[in-house]
file data_20.tsv (TSV, C-alpha atoms and all ligand atoms)
chain	number	residue	atom	x	y	z
A	36	MET	CA	89.64	107.51	176.16
A	37	ARG	CA	87.17	109.15	173.79
A	38	PRO	CA	88.71	110.99	170.78
A	39	GLU	CA	87.38	114.35	172.04
A	40	ASP	CA	89.23	113.90	175.35
A	41	SER	CA	92.56	114.47	173.61
A	42	LEU	CA	91.31	117.71	172.01
A	43	PRO	CA	91.88	121.15	173.55
A	44	ALA	CA	88.88	123.19	174.69
A	45	ARG	CA	89.26	125.47	171.66
A	46	ALA	CA	88.00	122.57	169.50
A	47	SER	CA	84.74	122.25	171.43
A	48	ARG	CA	82.50	124.22	169.02
A	49	HIS	CA	83.83	122.25	166.07
A	50	VAL	CA	83.16	118.95	167.87
A	51	LEU	CA	79.53	120.02	168.28
A	52	LEU	CA	79.05	120.35	164.52
A	53	LYS	CA	77.49	117.15	163.27
A	54	GLU	CA	79.50	117.48	160.03
A	55	VAL	CA	82.76	117.59	162.02
A	56	GLY	CA	82.41	115.75	165.34
A	57	ALA	CA	85.39	114.53	167.35
A	58	GLU	CA	86.92	112.65	164.41
A	59	GLY	CA	86.81	115.70	162.13
A	60	ALA	CA	88.15	117.96	164.87
A	61	LEU	CA	91.03	115.53	165.41
A	62	ARG	CA	91.86	115.64	161.71
A	63	MET	CA	91.84	119.47	161.88
A	64	ALA	CA	94.18	119.31	164.90
A	65	ARG	CA	96.65	117.10	162.98
A	66	LEU	CA	96.75	119.38	159.94
A	67	SER	CA	99.96	120.94	158.66
A	68	ALA	CA	99.44	123.84	156.22
A	69	LEU	CA	101.85	125.78	154.05
A	70	VAL	CA	100.70	129.41	153.69
A	71	ILE	CA	102.36	131.37	150.89
A	72	GLY	CA	102.33	135.10	151.65
A	73	ALA	CA	101.81	136.82	155.02
A	74	GLY	CA	99.95	139.75	153.50
A	75	GLY	CA	96.33	140.88	153.34
A	76	VAL	CA	94.96	137.41	152.62
A	77	GLY	CA	97.62	135.25	154.29
A	78	CYS	CA	97.34	137.02	157.66
A	79	PRO	CA	93.64	136.29	158.29
A	80	ALA	CA	93.94	132.80	156.79
A	81	ALA	CA	96.84	131.89	159.09
A	82	LEU	CA	95.09	133.55	162.05
A	83	CYS	CA	91.99	131.42	161.49
A	84	LEU	CA	94.05	128.21	161.21
A	85	ALA	CA	96.03	128.98	164.38
A	86	GLU	CA	92.88	129.84	166.30
A	87	ALA	CA	91.32	126.58	165.14
A	88	GLY	CA	94.36	124.77	166.57
A	89	VAL	CA	95.99	123.12	163.56
A	90	ARG	CA	99.24	121.26	164.31
A	91	LYS	CA	101.60	123.30	162.15
A	92	ILE	CA	101.64	126.41	159.96
A	93	THR	CA	104.59	127.24	157.71
A	94	LEU	CA	104.54	130.80	156.37
A	95	ILE	CA	106.68	131.93	153.44
A	96	ASP	CA	107.28	135.62	152.73
A	97	ALA	CA	110.41	137.62	151.89
A	98	ASP	CA	108.78	141.05	152.29
A	99	VAL	CA	109.08	143.33	155.29
A	100	VAL	CA	106.21	145.05	157.09
A	101	GLU	CA	105.48	148.55	155.74
A	102	GLU	CA	103.10	151.18	157.05
A	103	SER	CA	100.85	150.85	153.97
A	104	ASN	CA	100.27	147.18	154.92
A	105	LEU	CA	98.71	147.90	158.29
A	106	ALA	CA	95.18	148.64	157.00
A	107	ARG	CA	94.59	144.98	156.16
A	108	GLN	CA	97.54	142.76	157.11
A	109	ILE	CA	96.05	142.07	160.51
A	110	LEU	CA	98.93	140.16	162.12
A	111	HIS	CA	101.41	143.04	161.76
A	112	THR	CA	101.76	146.03	164.07
A	113	PRO	CA	103.47	149.45	163.94
A	114	ALA	CA	106.09	148.09	166.37
A	115	ARG	CA	107.15	145.53	163.76
A	116	LEU	CA	107.63	147.89	160.80
A	117	GLY	CA	110.69	146.72	158.86
A	118	MET	CA	110.49	143.16	160.23
A	119	ASN	CA	110.13	140.24	157.84
A	120	LYS	CA	106.41	139.52	157.35
A	121	ALA	CA	106.62	135.76	157.94
A	122	ARG	CA	108.46	136.37	161.22
A	123	SER	CA	106.07	139.14	162.30
A	124	ALA	CA	103.05	136.95	161.51
A	125	CYS	CA	104.50	134.02	163.49
A	126	LEU	CA	105.02	136.27	166.52
A	127	ALA	CA	101.34	137.21	166.42
A	128	LEU	CA	100.22	133.62	165.83
A	129	GLN	CA	102.32	132.35	168.73
A	130	ALA	CA	100.41	134.67	171.04
A	131	VAL	CA	97.10	133.47	169.57
A	132	ASN	CA	97.91	129.78	169.97
A	133	PRO	CA	101.20	128.70	171.62
A	134	ASP	CA	100.37	125.05	170.82
A	135	THR	CA	100.52	125.43	167.04
A	136	GLU	CA	104.00	124.79	165.64
A	137	LEU	CA	105.07	127.78	163.55
A	138	GLU	CA	107.78	128.09	160.95
A	139	ALA	CA	108.70	131.39	159.29
A	140	VAL	CA	110.46	131.04	155.94
A	141	GLU	CA	111.99	134.42	155.15
A	142	THR	CA	112.68	133.86	151.46
A	143	TRP	CA	110.89	134.53	148.17
A	144	ALA	CA	108.22	131.96	147.46
A	145	ASP	CA	109.84	130.69	144.26
A	146	ALA	CA	109.20	127.23	142.83
A	147	GLU	CA	112.10	125.66	144.73
A	148	ALA	CA	111.16	127.12	148.13
A	149	ILE	CA	107.49	126.19	147.68
A	150	ALA	CA	108.35	122.62	146.63
A	151	ARG	CA	110.75	122.19	149.56
A	152	HIS	CA	108.37	123.44	152.23
A	153	ALA	CA	105.30	121.78	150.71
A	154	GLN	CA	106.86	118.34	151.31
A	155	GLY	CA	105.76	118.21	154.94
A	156	ALA	CA	102.45	120.02	154.44
A	157	ASP	CA	99.06	118.37	153.97
A	158	ILE	CA	97.70	121.33	151.99
A	159	ILE	CA	99.01	124.50	150.34
A	160	LEU	CA	97.28	127.84	150.74
A	161	ASP	CA	98.46	130.33	148.13
A	162	CYS	CA	97.79	133.85	149.41
A	163	SER	CA	100.35	135.55	147.17
A	164	ASP	CA	99.61	138.60	145.05
A	165	ASN	CA	101.10	137.71	141.67
A	166	PHE	CA	100.74	135.23	138.82
A	167	ALA	CA	104.37	134.04	138.95
A	168	THR	CA	104.01	132.75	142.52
A	169	ARG	CA	100.56	131.27	141.83
A	170	HIS	CA	101.94	129.30	138.90
A	171	ALA	CA	104.95	128.15	140.94
A	172	ALA	CA	102.60	126.98	143.71
A	173	ASN	CA	100.42	125.25	141.11
A	174	ARG	CA	103.37	123.31	139.66
A	175	ALA	CA	104.68	122.33	143.13
A	176	ALA	CA	101.25	121.19	144.37
A	177	LEU	CA	100.59	119.25	141.17
A	178	ALA	CA	103.99	117.51	141.33
A	179	LEU	CA	103.48	116.52	144.97
A	180	GLY	CA	99.78	115.64	144.60
A	181	ARG	CA	98.91	118.11	147.37
A	182	PRO	CA	95.63	120.03	147.44
A	183	LEU	CA	96.04	123.73	146.64
A	184	VAL	CA	93.75	126.61	147.59
A	185	THR	CA	94.53	129.77	145.62
A	186	VAL	CA	93.10	133.04	146.91
A	187	SER	CA	93.13	136.60	145.63
A	188	ALA	CA	91.43	139.85	146.54
A	189	ILE	CA	91.35	142.94	144.41
A	190	ARG	CA	89.27	146.14	144.51
A	191	MET	CA	85.98	144.91	146.05
A	192	SER	CA	86.13	141.33	144.81
A	193	LEU	CA	87.66	138.05	145.81
A	194	GLN	CA	88.36	134.72	144.22
A	195	VAL	CA	89.00	131.37	145.93
A	196	ALA	CA	89.88	128.32	143.82
A	197	PHE	CA	90.45	124.80	145.20
A	198	PHE	CA	92.54	122.35	143.18
A	199	ASP	CA	92.47	118.87	144.69
A	200	PHE	CA	95.53	117.24	143.17
A	201	SER	CA	94.88	114.05	145.10
A	202	ARG	CA	92.37	113.40	142.30
A	203	PRO	CA	94.06	112.31	139.06
A	204	ASP	CA	91.56	114.19	136.87
A	205	ALA	CA	91.85	117.53	138.74
A	206	ALA	CA	92.17	120.71	136.70
A	207	CYS	CA	95.18	122.87	137.53
A	208	TYR	CA	95.53	126.66	137.90
A	209	ALA	CA	97.11	126.92	134.44
A	210	CYS	CA	94.06	125.24	132.81
A	211	THR	CA	92.08	128.39	133.66
A	212	PHE	CA	94.87	130.99	133.85
A	213	PRO	CA	97.58	130.15	131.25
A	214	GLU	CA	101.16	130.80	132.34
A	215	ASP	CA	101.78	133.16	129.41
A	216	ASP	CA	98.73	135.30	130.26
A	217	GLU	CA	99.99	138.78	131.02
A	218	ALA	CA	96.77	140.16	132.52
A	219	ASP	CA	98.18	140.17	136.07
A	220	VAL	CA	96.32	142.87	138.00
A	221	LYS	CA	97.61	143.49	141.53
A	222	ALA	CA	95.96	145.10	144.51
A	223	SER	CA	99.15	147.16	144.91
A	224	GLN	CA	98.29	148.79	141.56
A	225	VAL	CA	94.49	149.12	141.61
A	226	GLY	CA	93.66	148.98	145.33
A	227	VAL	CA	91.57	146.73	147.53
A	228	LEU	CA	88.99	147.38	150.23
A	229	ALA	CA	90.73	146.18	153.40
A	230	PRO	CA	88.02	143.83	154.77
A	231	VAL	CA	87.74	142.06	151.40
A	232	THR	CA	91.20	140.57	151.94
A	233	GLY	CA	90.06	139.42	155.39
A	234	ILE	CA	86.90	137.81	154.00
A	235	ALA	CA	88.98	136.07	151.30
A	236	GLY	CA	91.48	134.70	153.83
A	237	MET	CA	88.77	133.47	156.17
A	238	ILE	CA	86.86	131.73	153.36
A	239	ALA	CA	90.06	130.00	152.27
A	240	ALA	CA	90.93	128.90	155.82
A	241	GLY	CA	87.38	127.61	156.20
A	242	GLU	CA	87.81	125.50	153.07
A	243	VAL	CA	91.09	124.10	154.44
A	244	LEU	CA	89.41	123.13	157.72
A	245	LYS	CA	86.39	121.61	155.92
A	246	TRP	CA	88.70	119.61	153.68
A	247	ALA	CA	90.70	118.43	156.71
A	248	ALA	CA	87.52	117.31	158.48
A	249	GLY	CA	86.35	115.40	155.41
A	250	MET	CA	83.43	117.72	154.72
A	251	PRO	CA	82.24	118.82	151.26
A	252	SER	CA	84.39	121.75	150.17
A	253	LEU	CA	85.05	123.98	147.17
A	254	ALA	CA	87.41	121.28	145.80
A	255	GLY	CA	87.22	121.31	142.00
A	256	SER	CA	85.61	124.73	141.83
A	257	MET	CA	86.21	128.45	142.11
A	258	LEU	CA	84.21	130.95	144.11
A	259	LEU	CA	83.89	134.53	142.86
A	260	LEU	CA	82.41	137.12	145.19
A	261	ASP	CA	81.79	140.78	144.39
A	262	THR	CA	81.21	142.58	147.69
A	263	LEU	CA	79.88	145.70	145.93
A	264	SER	CA	76.92	144.01	144.21
A	265	TRP	CA	77.04	140.93	146.52
A	266	GLN	CA	76.89	138.71	143.51
A	267	MET	CA	78.48	135.32	144.00
A	268	GLN	CA	79.33	132.64	141.50
A	269	ARG	CA	80.68	129.13	141.91
A	270	LEU	CA	82.31	127.80	138.77
A	271	ALA	CA	83.51	124.27	138.11
A	272	LEU	CA	87.24	124.18	137.30
A	273	ALA	CA	87.45	122.49	133.92
A	274	ARG	CA	90.57	120.59	132.94
A	275	ASP	CA	92.18	121.66	129.65
A	276	PRO	CA	93.51	118.50	127.95
A	277	ALA	CA	96.01	120.71	126.09
A	278	CYS	CA	97.25	122.45	129.26
A	279	PRO	CA	101.07	122.56	129.05
A	280	VAL	CA	101.33	122.12	132.84
A	281	CYS	CA	98.97	119.21	133.59
A	282	GLY	CA	97.85	118.09	130.12
A	283	ARG	CA	100.26	115.19	129.72
A	284	ARG	CA	99.73	113.55	133.08
B	301	ZN	ZN	96.32	122.38	133.77
call {"tool": "encode", "arguments": {"input": "data_20.tsv", "output": "structure tokens", "more": "lines below"}}
Ligand SMILES: [Zn+2]
result
Amino acid sequence: MRPEDSLPARASRHVLLKEVGAEGALRMARLSALVIGAGGVGCPAALCLAEAGVRKITLIDADVVEESNLARQILHTPARLGMNKARSACLALQAVNPDTELEAVETWADAEAIARHAQGADIILDCSDNFATRHAANRAALALGRPLVTVSAIRMSLQVAFFDFSRPDAACYACTFPEDDEADVKASQVGVLAPVTGIAGMIAAGEVLKWAAGMPSLAGSMLLLDTLSWQMQRLALARDPACPVCGRR
């Protein structure tokens, strides 16, 4: 049997890509991803992964769906107002792809919860909206040696950073954004253009799929995109030897 014969029809356009092929599509189909946050960024990221047919998606979120979320959190509906966001997102994802195993974790994404649920995941996708969670995800991913994609969207801009902790010399999130930095600006305070969260989530999911297929990815770098000026920058993530989180590895 050829490798592509065991793949569902939804993988067919990926198989055609010479950079992916049947082997890459099989690796995508075996992927298990932990998605932190079922909000503006986490919804489109998880949607893209489920549509692509990954094996498992675990979603962590303690929040409930509110009316103000509906402009951009594309997996939630008015009928699910008040429902936990991870559960609401999994209901939508199940309809999109019944073959992807889904797990809703209805707790706060603190360090312990992230570390516990990251154990069985191949990659961590941090779509949270605050520094505390990003740093907790960073510490958990670093400790487990799991790759971490950190995504944020604010106003008209987005940021996607890929830390590949399978490499011993990888920089960590705290090398660039120190844990004691108090400049945490949230979309809930300054606003965000709804599609920018969607673009951010889709870029991040694309990086996860590329990484799974063994293609070149953003690993080791950070993408900054301003959708007002359409200026884009890709910056190398430099390791800080004095970083209190990863410096003494
Ligand atoms: Zn570091």
call {"tool": "residues_near_ligand", "arguments": {"input": "data_20.tsv", "ligand": "ligand ZN 301 (chain B)", "cutoff": "8 Å", "atoms": "all atoms listed in the file", "output": "list in words"}}
result
Ala206, Cys207, Tyr208, Ala209, Cys210, Thr211, Arg274, Asp275, Pro276, Ala277, Cys278, Pro279, Val280, Cys281 and Gly282 of chain A
call {"tool": "residues_around", "arguments": {"input": "data_20.tsv", "residues": "Ser192 in chain A", "least_positions_apart": "3", "cutoff": "9 Å", "atoms": "all atoms listed in the file", "output": "ChimeraX atom specification"}}
result
/A:187-189,227-228,231-232,235,259-263
call {"tool": "write_last_selection", "arguments": {"input": "data_20.tsv", "atoms": "C-alpha atoms", "output": "JSON list (two decimals), keeping the file's coordinate frame"}}
result
[["chain", "number", "residue", "atom", "x", "y", "z"],
["A", 187, "SER", "CA", 93.13, 136.60, 145.63],
["A", 188, "ALA", "CA", 91.43, 139.85, 146.54],
["A", 189, "ILE", "CA", 91.35, 142.94, 144.41],
["A", 227, "VAL", "CA", 91.57, 146.73, 147.53],
["A", 228, "LEU", "CA", 88.99, 147.38, 150.23],
["A", 231, "VAL", "CA", 87.74, 142.06, 151.40],
["A", 232, "THR", "CA", 91.20, 140.57, 151.94],
["A", 235, "ALA", "CA", 88.98, 136.07, 151.30],
["A", 259, "LEU", "CA", 83.89, 134.53, 142.86],
["A", 260, "LEU", "CA", 82.41, 137.12, 145.19],
["A", 261, "ASP", "CA", 81.79, 140.78, 144.39],
["A", 262, "THR", "CA", 81.21, 142.58, 147.69],
["A", 263, "LEU", "CA", 79.88, 145.70, 145.93]]
call {"tool": "residues_near_point", "arguments": {"input": "data_20.tsv", "point": "(93.6, 118.8, 150.5)", "cutoff": "7 Å", "atoms": "only C-alpha atoms", "output": "VMD selection string"}}
result
chain A and resid 157 to 158 181 to 183 199 246 to 247
call {"tool": "atom_distance", "arguments": {"input": "data_20.tsv", "atom1": "CA of Ala254 in chain A", "atom2": "CA of Ala196 in chain A"}}
result
7.7 Å
call {"tool": "atom_distance", "arguments": {"input": "data_20.tsv", "atom1": "CA of Gly56 in chain A", "atom2": "CA of Ala80 in chain A"}}
result
22.3 Å
call {"tool": "residues_around", "arguments": {"input": "data_20.tsv", "residues": "Arg107 in chain A", "least_positions_apart": "2", "cutoff": "12 Å", "atoms": "only C-alpha atoms", "output": "ChimeraX atom specification"}}
result
/A:73-79,100-105,109-112,188,222,226-236
call {"tool": "write_last_selection", "arguments": {"input": "data_20.tsv", "atoms": "C-alpha atoms", "output": "mmCIF file, in the coordinates of the input"}}
result
data_model
loop_
_atom_site.group_PDB
_atom_site.id
_atom_site.type_symbol
_atom_site.label_atom_id
_atom_site.label_comp_id
_atom_site.auth_asym_id
_atom_site.auth_seq_id
_atom_site.Cartn_x
_atom_site.Cartn_y
_atom_site.Cartn_z
ATOM 1 C CA ALA A 73 101.810 136.820 155.020
ATOM 2 C CA GLY A 74 99.950 139.750 153.500
ATOM 3 C CA GLY A 75 96.330 140.880 153.340
ATOM 4 C CA VAL A 76 94.960 137.410 152.620
ATOM 5 C CA GLY A 77 97.620 135.250 154.290
ATOM 6 C CA CYS A 78 97.340 137.020 157.660
ATOM 7 C CA PRO A 79 93.640 136.290 158.290
ATOM 8 C CA VAL A 100 106.210 145.050 157.090
ATOM 9 C CA GLU A 101 105.480 148.550 155.740
ATOM 10 C CA GLU A 102 103.100 151.180 157.050
ATOM 11 C CA SER A 103 100.850 150.850 153.970
ATOM 12 C CA ASN A 104 100.270 147.180 154.920
ATOM 13 C CA LEU A 105 98.710 147.900 158.290
ATOM 14 C CA ILE A 109 96.050 142.070 160.510
ATOM 15 C CA LEU A 110 98.930 140.160 162.120
ATOM 16 C CA HIS A 111 101.410 143.040 161.760
ATOM 17 C CA THR A 112 101.760 146.030 164.070
ATOM 18 C CA ALA A 188 91.430 139.850 146.540
ATOM 19 C CA ALA A 222 95.960 145.100 144.510
ATOM 20 C CA GLY A 226 93.660 148.980 145.330
ATOM 21 C CA VAL A 227 91.570 146.730 147.530
ATOM 22 C CA LEU A 228 88.990 147.380 150.230
ATOM 23 C CA ALA A 229 90.730 146.180 153.400
ATOM 24 C CA PRO A 230 88.020 143.830 154.770
ATOM 25 C CA VAL A 231 87.740 142.060 151.400
ATOM 26 C CA THR A 232 91.200 140.570 151.940
ATOM 27 C CA GLY A 233 90.060 139.420 155.390
ATOM 28 C CA ILE A 234 86.900 137.810 154.000
ATOM 29 C CA ALA A 235 88.980 136.070 151.300
ATOM 30 C CA GLY A 236 91.480 134.700 153.830
#
call {"tool": "atom_distance", "arguments": {"input": "data_20.tsv", "atom1": "CA of His152 in chain A", "atom2": "CA of Glu242 in chain A"}}
result
20.7 Å
call {"tool": "closest_residue", "arguments": {"input": "data_20.tsv", "among": "A:Ser223, A:Asn119, A:Ser201, A:Gln266", "to": "Ser163 in chain A", "atoms": "all atoms listed in the file"}}
result
A:Ser223
call {"tool": "closest_residue", "arguments": {"input": "data_20.tsv", "among": "A:Cys162, A:Ala240, A:Glu54, A:Arg37", "to": "Val89 in chain A", "atoms": "only C-alpha atoms"}}
result
A:Ala240
call {"tool": "closest_residue", "arguments": {"input": "data_20.tsv", "among": "A:Ile238, A:Ala178, A:Val140, A:Leu193", "to": "Ala121 in chain A", "atoms": "only C-alpha atoms"}}
result
A:Val140
call {"tool": "closest_residue", "arguments": {"input": "data_20.tsv", "among": "A:Phe212, A:Phe166, A:Trp265, A:Phe197", "to": "Pro251 in chain A", "atoms": "only C-alpha atoms"}}
result
A:Phe197
call {"tool": "closest_residue", "arguments": {"input": "data_20.tsv", "among": "A:Ala87, A:Leu126, A:Ala171, A:Ile95", "to": "Thr142 in chain A", "atoms": "all atoms listed in the file"}}
result
A:Ile95
call {"tool": "residues_around", "arguments": {"input": "data_20.tsv", "residues": "Glu138 in chain A", "least_positions_apart": "4", "cutoff": "12 Å", "atoms": "all atoms listed in the file", "output": "compact mmCIF listing (two decimals) with C-alpha atoms, keeping the file's coordinate frame"}}
result
# COMPACT_ATOMS: atom_id res chain seq x y z
CA SER A 67 99.96 120.94 158.66
CA ALA A 68 99.44 123.84 156.22
CA LEU A 69 101.85 125.78 154.05
CA VAL A 70 100.70 129.41 153.69
CA ILE A 71 102.36 131.37 150.89
CA ALA A 81 96.84 131.89 159.09
CA ARG A 90 99.24 121.26 164.31
CA LYS A 91 101.60 123.30 162.15
CA ILE A 92 101.64 126.41 159.96
CA THR A 93 104.59 127.24 157.71
CA LEU A 94 104.54 130.80 156.37
CA ILE A 95 106.68 131.93 153.44
CA ASP A 96 107.28 135.62 152.73
CA ALA A 121 106.62 135.76 157.94
CA ARG A 122 108.46 136.37 161.22
CA SER A 123 106.07 139.14 162.30
CA ALA A 124 103.05 136.95 161.51
CA CYS A 125 104.50 134.02 163.49
CA LEU A 126 105.02 136.27 166.52
CA LEU A 128 100.22 133.62 165.83
CA GLN A 129 102.32 132.35 168.73
CA HIS A 152 108.37 123.44 152.23
CA GLY A 155 105.76 118.21 154.94
CA ALA A 156 102.45 120.02 154.44
call {"tool": "closest_residue", "arguments": {"input": "data_20.tsv", "among": "A:Gly249, A:Ala127, A:Val186, A:Pro43", "to": "Met237 in chain A", "atoms": "all atoms listed in the file"}}
result
A:Val186
call {"tool": "residues_around", "arguments": {"input": "data_20.tsv", "residues": "Glu39 in chain A", "least_positions_apart": "4", "cutoff": "9 Å", "atoms": "only C-alpha atoms", "output": "PyMOL selection string"}}
result
chain A and resi 43+46-47+50+56-58+60-61
call {"tool": "axis_aligned_box", "arguments": {"input": "data_20.tsv", "around": "range 236-243 of chain A", "padding_each_side": "3 Å", "output": "lines of an AutoDock Vina configuration file"}}
result
center_x = 89.2
center_y = 129.4
center_z = 154.2
size_x = 10.6
size_y = 16.6
size_z = 9.9
